[in-house]
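One file, target-v1.cif, is given below (mmCIF, C-alpha atoms).
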```cif
data_coords
loop_
_atom_site.label_atom_id
_atom_site.label_comp_id
_atom_site.auth_asym_id
_atom_site.auth_seq_id
_atom_site.Cartn_x
_atom_site.Cartn_y
_atom_site.Cartn_z
CA MET A 1 119.09 121.48 97.21
CA GLN A 2 116.57 120.27 99.76
CA SER A 3 113.02 121.40 99.15
CA ASP A 4 111.11 123.34 101.81
CA PHE A 5 108.04 121.46 100.63
CA LYS A 6 109.38 117.91 100.91
CA TYR A 7 107.62 117.15 104.19
CA ILE A 8 104.28 118.29 102.82
CA ALA A 9 104.88 116.22 99.69
CA GLU A 10 105.80 113.16 101.77
CA ASP A 11 102.71 113.60 103.97
CA LEU A 12 100.50 113.69 100.88
CA ARG A 13 102.31 110.69 99.39
CA ARG A 14 101.55 108.66 102.51
CA GLN A 15 97.92 109.72 102.42
CA VAL A 16 97.51 108.74 98.77
CA GLU A 17 99.40 105.47 99.23
CA GLU A 18 97.28 104.55 102.25
CA SER A 19 94.09 105.30 100.33
CA LEU A 20 95.08 103.00 97.47
CA SER A 21 96.69 100.21 99.49
CA GLY A 22 93.66 100.25 101.79
CA VAL A 23 91.58 98.81 98.96
CA GLY A 24 94.38 96.72 97.46
CA ILE A 25 95.07 98.76 94.33
CA LEU A 26 98.43 97.82 92.85
CA SER A 27 100.53 100.94 92.38
CA ARG A 28 103.70 102.84 93.16
CA VAL A 29 103.37 106.35 94.61
CA PHE A 30 106.11 108.98 94.41
CA ALA A 31 106.33 112.58 95.65
CA ARG A 32 108.44 115.65 95.17
CA GLY A 33 108.49 119.24 96.36
CA LYS A 34 110.16 121.82 94.14
CA ASP A 35 113.26 123.40 95.65
CA SER A 36 114.04 127.11 95.34
CA ASP A 37 116.36 126.60 92.34
CA SER A 38 113.64 124.76 90.45
CA LEU A 39 111.09 127.44 91.28
CA ASN A 40 113.46 130.21 90.22
CA ARG A 41 114.11 128.47 86.89
CA LYS A 42 110.38 128.16 86.26
CA LEU A 43 109.82 131.84 87.06
CA ALA A 44 112.75 132.80 84.79
CA ARG A 45 111.35 130.74 81.90
CA HIS A 46 108.03 132.59 82.14
CA PRO A 47 108.81 136.17 83.20
CA GLY A 48 105.72 138.01 84.35
CA LYS A 49 103.47 134.96 84.06
CA TYR A 50 103.24 134.29 87.80
CA ALA A 51 102.68 136.90 90.51
CA VAL A 52 101.25 137.15 94.02
CA GLY A 53 97.65 138.24 93.52
CA GLY A 54 97.69 136.93 89.94
CA LYS A 55 98.37 133.58 88.33
CA LEU A 56 99.95 131.14 90.78
CA ILE A 57 102.20 128.10 90.36
CA GLN A 58 100.19 124.96 91.15
CA ASP A 59 102.73 122.14 90.91
CA VAL A 60 105.19 123.06 93.67
CA VAL A 61 104.06 119.84 95.36
CA GLY A 62 103.62 116.87 93.06
CA ILE A 63 102.43 113.29 93.51
CA ARG A 64 102.94 110.68 90.80
CA VAL A 65 100.94 107.45 90.86
CA ALA A 66 102.08 104.64 88.56
CA LEU A 67 99.37 101.99 88.34
CA TYR A 68 99.89 98.37 87.39
CA PHE A 69 96.77 98.43 85.20
CA SER A 70 95.62 101.31 82.99
CA GLU A 71 91.97 100.52 83.80
CA ASP A 72 92.66 101.79 87.33
CA ILE A 73 93.49 105.35 86.24
CA SER A 74 89.89 106.59 86.18
CA LEU A 75 89.12 104.53 89.29
CA VAL A 76 91.93 106.19 91.26
CA LYS A 77 90.79 109.59 90.02
CA SER A 78 87.37 108.92 91.56
CA ILE A 79 88.92 107.76 94.82
CA LEU A 80 91.09 110.87 95.10
CA GLU A 81 88.14 113.12 94.24
CA SER A 82 86.25 111.66 97.18
CA ARG A 83 89.09 112.63 99.51
CA TYR A 84 90.37 115.92 98.06
CA HIS A 85 88.73 118.84 96.26
CA LEU A 86 89.53 118.68 92.54
CA ASP A 87 90.31 121.96 90.78
CA LEU A 88 88.83 120.80 87.48
CA PRO A 89 89.60 123.92 85.36
CA SER A 90 93.29 123.58 86.29
CA SER A 91 93.43 119.84 85.58
CA THR A 92 94.17 118.18 82.25
CA ILE A 93 93.30 114.72 80.99
CA ASP A 94 95.08 113.48 77.88
CA THR A 95 93.56 110.40 76.29
CA PRO A 96 94.64 109.00 72.91
CA ASP A 97 92.44 109.56 69.88
CA ARG A 98 92.05 106.98 67.16
CA ASP A 99 94.52 108.60 64.77
CA LYS A 100 97.41 109.31 67.11
CA PHE A 101 99.72 107.34 69.37
CA SER A 102 100.03 108.90 72.83
CA VAL A 103 99.91 107.87 76.47
CA THR A 104 96.90 108.32 78.73
CA ARG A 105 97.82 111.00 81.26
CA TYR A 106 95.82 112.55 84.03
CA ASN A 107 97.38 115.69 85.49
CA LEU A 108 94.99 116.59 88.29
CA VAL A 109 95.17 119.61 90.57
CA PHE A 110 93.70 119.25 94.05
CA ARG A 111 93.35 121.80 96.83
CA LEU A 112 95.55 121.06 99.82
CA PRO A 113 93.70 119.56 102.79
CA GLU A 114 93.10 122.08 105.57
CA ASP A 115 95.59 120.47 107.95
CA LEU A 116 98.45 121.16 105.49
CA VAL A 117 97.51 124.66 104.34
CA GLY A 118 99.17 126.37 107.31
CA SER A 119 102.47 124.53 106.83
CA PHE A 120 102.42 125.32 103.11
CA GLN A 121 101.77 129.02 103.66
CA ARG A 122 104.58 129.30 106.19
CA VAL A 123 107.18 128.19 103.64
CA SER A 124 105.65 129.99 100.64
CA VAL A 125 105.43 133.53 102.03
CA GLY A 126 106.01 136.10 99.29
CA GLU A 127 106.03 133.50 96.49
CA PRO A 128 103.34 133.17 93.78
CA LEU A 129 102.35 129.66 94.89
CA ASP A 130 98.84 128.22 95.05
CA THR A 131 97.71 126.10 98.03
CA CYS A 132 97.25 122.99 95.95
CA PHE A 133 99.12 119.94 94.72
CA GLU A 134 99.33 118.14 91.41
CA VAL A 135 98.71 114.41 90.96
CA GLN A 136 99.87 112.63 87.83
CA LEU A 137 98.17 109.30 87.09
CA ARG A 138 99.69 106.90 84.60
CA SER A 139 100.13 103.19 84.06
CA ILE A 140 103.51 101.74 84.98
CA LEU A 141 104.36 100.92 81.36
CA SER A 142 103.44 104.37 80.07
CA GLU A 143 105.26 105.94 83.03
CA GLY A 144 108.49 104.32 81.89
CA TRP A 145 108.00 105.62 78.36
CA HIS A 146 107.15 109.09 79.64
CA GLU A 147 110.31 109.28 81.77
CA VAL A 148 112.46 108.48 78.75
CA GLU A 149 110.51 110.85 76.48
CA HIS A 150 110.59 113.69 79.01
CA ASP A 151 114.32 113.52 79.68
CA LEU A 152 115.57 112.73 76.18
CA ARG A 153 113.07 114.43 73.87
CA TYR A 154 111.03 117.06 75.73
CA LYS A 155 114.12 118.56 77.38
CA SER A 156 116.14 118.36 74.14
CA GLN A 157 113.61 119.48 71.55
CA ASP A 158 116.21 121.22 69.38
CA SER A 159 118.04 117.95 68.78
CA TRP A 160 114.84 116.41 67.34
CA GLN A 161 114.25 119.16 64.76
CA GLY A 162 114.26 117.69 61.26
CA HIS A 163 113.95 114.11 62.51
CA ASP A 164 110.18 113.70 62.43
CA ASP A 165 110.46 110.07 61.32
CA LEU A 166 112.28 109.15 64.53
CA SER A 167 109.88 111.22 66.62
CA ARG A 168 106.95 109.31 65.09
CA ALA A 169 108.77 106.04 65.72
CA LEU A 170 109.21 106.96 69.39
CA ASN A 171 105.49 107.71 69.61
CA GLY A 172 104.86 104.38 67.93
CA VAL A 173 106.36 102.62 70.93
CA VAL A 174 103.24 103.71 72.82
CA ALA A 175 101.15 101.48 70.54
CA THR A 176 103.22 98.51 71.64
CA LEU A 177 102.76 99.49 75.29
CA GLU A 178 98.99 99.82 74.87
CA THR A 179 98.87 96.37 73.30
CA SER A 180 101.00 94.98 76.13
CA GLU A 181 98.72 96.52 78.77
CA TRP A 182 95.64 95.10 77.07
CA SER A 183 97.29 91.70 76.75
CA MET A 184 98.29 91.61 80.42
CA GLY A 185 94.74 92.31 81.51
CA ARG A 186 93.34 89.59 79.24
CA ILE A 187 95.95 87.07 80.48
CA PHE A 188 94.89 87.59 84.10
CA ASP A 189 91.21 87.40 83.09
CA GLU A 190 91.83 84.13 81.30
CA LEU A 191 93.77 82.72 84.26
CA ALA A 192 90.90 83.68 86.57
CA TYR A 193 88.43 81.94 84.25
CA ARG A 194 90.51 78.76 84.15
CA HIS A 195 90.61 78.64 87.94
CA TYR A 196 86.86 79.27 87.98
CA LYS A 197 86.35 76.19 85.79
CA LEU A 198 88.59 74.23 88.16
CA LYS A 199 86.71 75.64 91.20
CA ASN A 200 90.03 76.86 92.58
CA TRP A 201 88.53 79.94 94.24
CA SER A 202 91.64 81.07 96.14
CA ALA A 203 93.55 81.23 92.84
CA MET A 204 90.67 82.75 90.90
CA LEU A 205 90.00 85.79 93.08
CA PRO A 206 93.39 87.61 92.94
CA ASN A 207 93.56 87.22 89.17
CA LEU A 208 89.94 88.27 88.77
CA LEU A 209 90.18 91.43 90.87
CA LYS A 210 93.85 92.21 90.19
CA ILE A 211 94.38 93.77 93.60
CA ARG A 212 96.62 92.96 96.55
CA MET A 213 94.81 90.77 99.08
CA ARG A 214 95.67 88.46 101.96
CA GLY A 215 94.58 85.06 103.17
CA ASN A 216 92.76 82.22 101.47
CA ILE A 217 89.19 80.99 101.13
CA SER A 218 87.96 78.63 103.83
CA SER A 219 86.42 75.26 103.12
CA ASP A 220 83.03 76.64 104.23
CA VAL A 221 83.02 79.45 101.64
CA ALA A 222 84.55 77.19 99.00
CA GLY A 223 81.82 74.67 99.70
CA ILE A 224 79.15 77.31 99.04
CA LEU A 225 80.73 78.32 95.73
CA ASN A 226 81.18 74.66 94.77
CA ALA A 227 77.52 73.93 95.45
CA ASP A 228 75.91 77.13 94.14
CA ALA A 229 76.72 77.63 90.46
CA ASP A 230 74.82 80.93 90.35
CA ALA A 231 76.84 82.42 93.22
CA ALA A 232 80.11 81.33 91.61
CA LYS A 233 79.08 82.71 88.22
CA ASP A 234 77.99 86.02 89.74
CA LEU A 235 81.33 86.31 91.53
CA LEU A 236 83.16 85.73 88.24
CA ARG A 237 81.14 88.60 86.73
CA VAL A 238 81.80 90.99 89.63
CA ASP A 239 81.84 94.71 88.81
CA ARG A 240 85.42 95.27 89.92
CA ALA A 241 85.35 99.08 89.83
CA ARG A 242 82.12 99.25 91.81
CA LEU A 243 83.42 96.82 94.43
CA ILE A 244 86.64 98.77 94.99
CA THR A 245 84.81 102.11 95.05
CA CYS A 246 82.34 100.81 97.62
CA MET A 247 85.15 99.42 99.77
CA PHE A 248 86.86 102.80 99.80
CA ALA A 249 83.64 104.59 100.77
CA ALA A 250 82.62 102.08 103.45
CA ARG A 251 83.06 102.67 107.16
CA PRO A 252 84.56 101.01 109.05
CA ARG A 253 87.23 99.91 106.59
CA ILE A 254 87.72 96.18 106.39
CA PRO A 255 91.00 94.25 105.99
CA VAL A 256 91.48 93.26 102.35
CA THR A 257 91.32 89.49 102.67
CA MET A 258 89.86 87.05 100.16
CA GLU A 259 86.94 86.14 102.35
CA ASN A 260 86.17 89.72 103.36
CA LEU A 261 86.06 90.65 99.68
CA ILE A 262 83.59 87.87 98.93
CA PHE A 263 81.43 88.72 101.94
CA PHE A 264 81.50 92.45 101.16
CA TRP A 265 80.67 91.83 97.49
CA ASN A 266 77.75 89.66 98.51
CA ALA A 267 76.49 92.11 101.16
CA THR A 268 76.53 95.06 98.73
CA GLY A 269 75.19 93.07 95.79
CA PRO A 270 73.54 89.69 95.28
CA GLN A 271 73.07 88.80 98.98
CA TYR A 272 73.14 85.02 98.80
CA ALA A 273 71.78 83.79 102.11
CA SER A 274 74.42 81.08 102.48
CA LEU A 275 77.21 83.68 102.31
CA THR A 276 75.31 86.19 104.44
CA ALA A 277 75.09 83.60 107.24
CA LEU A 278 78.90 83.44 107.40
CA THR A 279 79.57 87.18 107.05
CA PRO A 280 81.43 88.72 110.03
CA GLU A 281 79.70 91.60 111.82
CA LEU A 282 82.47 94.04 110.86
CA VAL A 283 81.94 93.34 107.16
CA SER A 284 78.15 93.59 107.50
CA GLU A 285 78.45 96.93 109.26
CA SER A 286 80.86 98.22 106.63
CA ALA A 287 78.59 97.12 103.79
CA LYS A 288 75.53 98.72 105.41
CA SER A 289 77.31 102.08 105.53
CA VAL A 290 77.56 102.01 101.73
CA ILE A 291 74.05 100.70 101.12
CA SER A 292 72.54 103.38 103.34
CA ARG A 293 74.13 106.12 101.21
CA SER A 294 73.13 104.67 97.86
#
```

Take the structure I supplied and represent it as structure tokens, if you would.
Amino acid sequence: MQSDFKYIAEDLRRQVEESLSGVGILSRVFARGKDSDSLNRKLARHPGKYAVGGKLIQDVVGIRVALYFSEDISLVKSILESRYHLDLPSSTIDTPDRDKFSVTRYNLVFRLPEDLVGSFQRVSVGEPLDTCFEVQLRSILSEGWHEVEHDLRYKSQDSWQGHDDLSRALNGVVATLETSEWSMGRIFDELAYRHYKLKNWSAMLPNLLKIRMRGNISSDVAGILNADADAAKDLLRVDRARLITCMFAARPRIPVTMENLIFFWNATGPQYASLTALTPELVSESAKSVISRS
């Protein structure tokens, strides 16, 4: 059955995807709006729990973000918080403790932006639905595990009764995924370092920042990095999360090209004069908007 909320969900999906792709974050974004059958099943499972004027359902519109790198989960949370109002008491963050295998999951509840509230209310009249949407943040590897676990264990809990050894073994797969995620990150870091040693800057930067970017590095910028060991070393040690956060906050937004990233990093950080002299006006203006607010 087609959901009355699918257009709102798709609008939000586009907004979230544009926010992340605008700063190069590698991800896949999905959306769904519950249909009436799904809502009725939820209400039937919890009779009396939800009511107009009382407790409201908050996940009728859902966005799922699967990130290539687990280190981006908290970063994306910060980006979304700067765009939407987070309902913190309604949100849950599950992070593994040292004695238990589990996936890192952020289930965040945000208030709908004002331009979508009217559309939402028109299709939710008489239903105990809150004007908000849920965002689930996970890494791509843990997302795959969660899909299998949700469909084949969570929805079939009776069939797992008395088989705790297999349930623990399924949880143990998460340990392998965590190791794989850590290993992937270190592999790209090592590749970036090798290209740094070779002074192959156009190959170093994508592996260093692990984001989607365009273009290459000109001979002028490469010449500066070749000649200035301090500038090259500082670039290798870039605070990736800070750079991406600043890019998202900056106005006007800049195209995510290799050279723009280097110029923006320099303008909001070390400010090497040789790089400043080559920085386009658009990038300088964008960087100043962040500096002025800090």

Query raised in the report: Which residue out of A:Met247, A:Leu129, A:Val109, A:Leu170 has the minimum interatomic distance to Lys55 of chain A when only C-alpha atoms are used?
Result: A:Leu129

Query - Exercise: Ser286 of chain A partners within 12 Å, all atoms listed in the file, chain neighbours under 4 positions left out, as a PyMOL selection string - result: chain A and resi 246-255+260-261+263-265+267-268+279-282+290-293

**Report entry** Sphere at (86.1, 77.0, 93.0), radius 7 Å, counting all atoms listed in the file: residues as a PyMOL selection string
**Finding:** chain A and resi 195-196+198-201+222+225-226

**Report entry** Contacts of segment 181-193 of chain A at 9 Å (all atoms listed in the file; same-chain gap of 4+ positions) as an MDAnalysis selection string
**Finding:** chainID A and resid 68:71 139 141 176:177 197:198 201 203:210 236

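One finds atom CA of Leu26 of chain A at 26.5 Å from atom CA of Ala231 of chain A.
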
Report task. Would you work out the distance separating atom CA of Ser74 of chain A from atom CA of Asn216 of chain A, expressed in Å to one decimal? Result ->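 About the pair atom CA of Ser74 of chain A and atom CA of Asn216 of chain A: they are 28.9 Å apart.
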
Query raised in the report: Care to translate the PyMOL selection byres ((chain A and resi 58) around 12) into actual residues of this file, as a ChimeraX atom specification?
Result: /A:33-34,39,42,50,55-57,59-62,87,90-91,107-112,127-135

**Report entry** Within 8 Å of file point (102.3, 138.7, 95.5), counting all atoms listed in the file, expressed as a VMD selection string
**Finding:** chain A and resid 51 to 54 126 to 128

Requested in this report: Go ahead and compute the interatomic distance for atom CA of Lys77 of chain A and atom CA of Ile25 of chain A, in Å to one decimal.
Outcome: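 Rounded to one decimal, the two atoms are 12.4 Å apart.
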
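Counting all atoms listed in the file and comparing A:Leu86, A:Ile8, A:Leu116, A:Ala169, the residue that lies closest to Glu149 of chain A is A:Ala169.
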
Query - Closest of A:Ser156, A:Arg32, A:Arg214, A:Ile73 to Thr95 of chain A - atom-to-atom distances counting all atoms listed in the file - result: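 Nearest to Thr95 of chain A: A:Ile73.
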
Query raised in the report: Looking at only C-alpha atoms, which of A:Ser38, A:Ser142, A:Gln157, A:Ser284 is the one that sits closest to Thr104 of chain A?
Result: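 That would be A:Ser142, the residue with the smallest distance to Thr104 of chain A.
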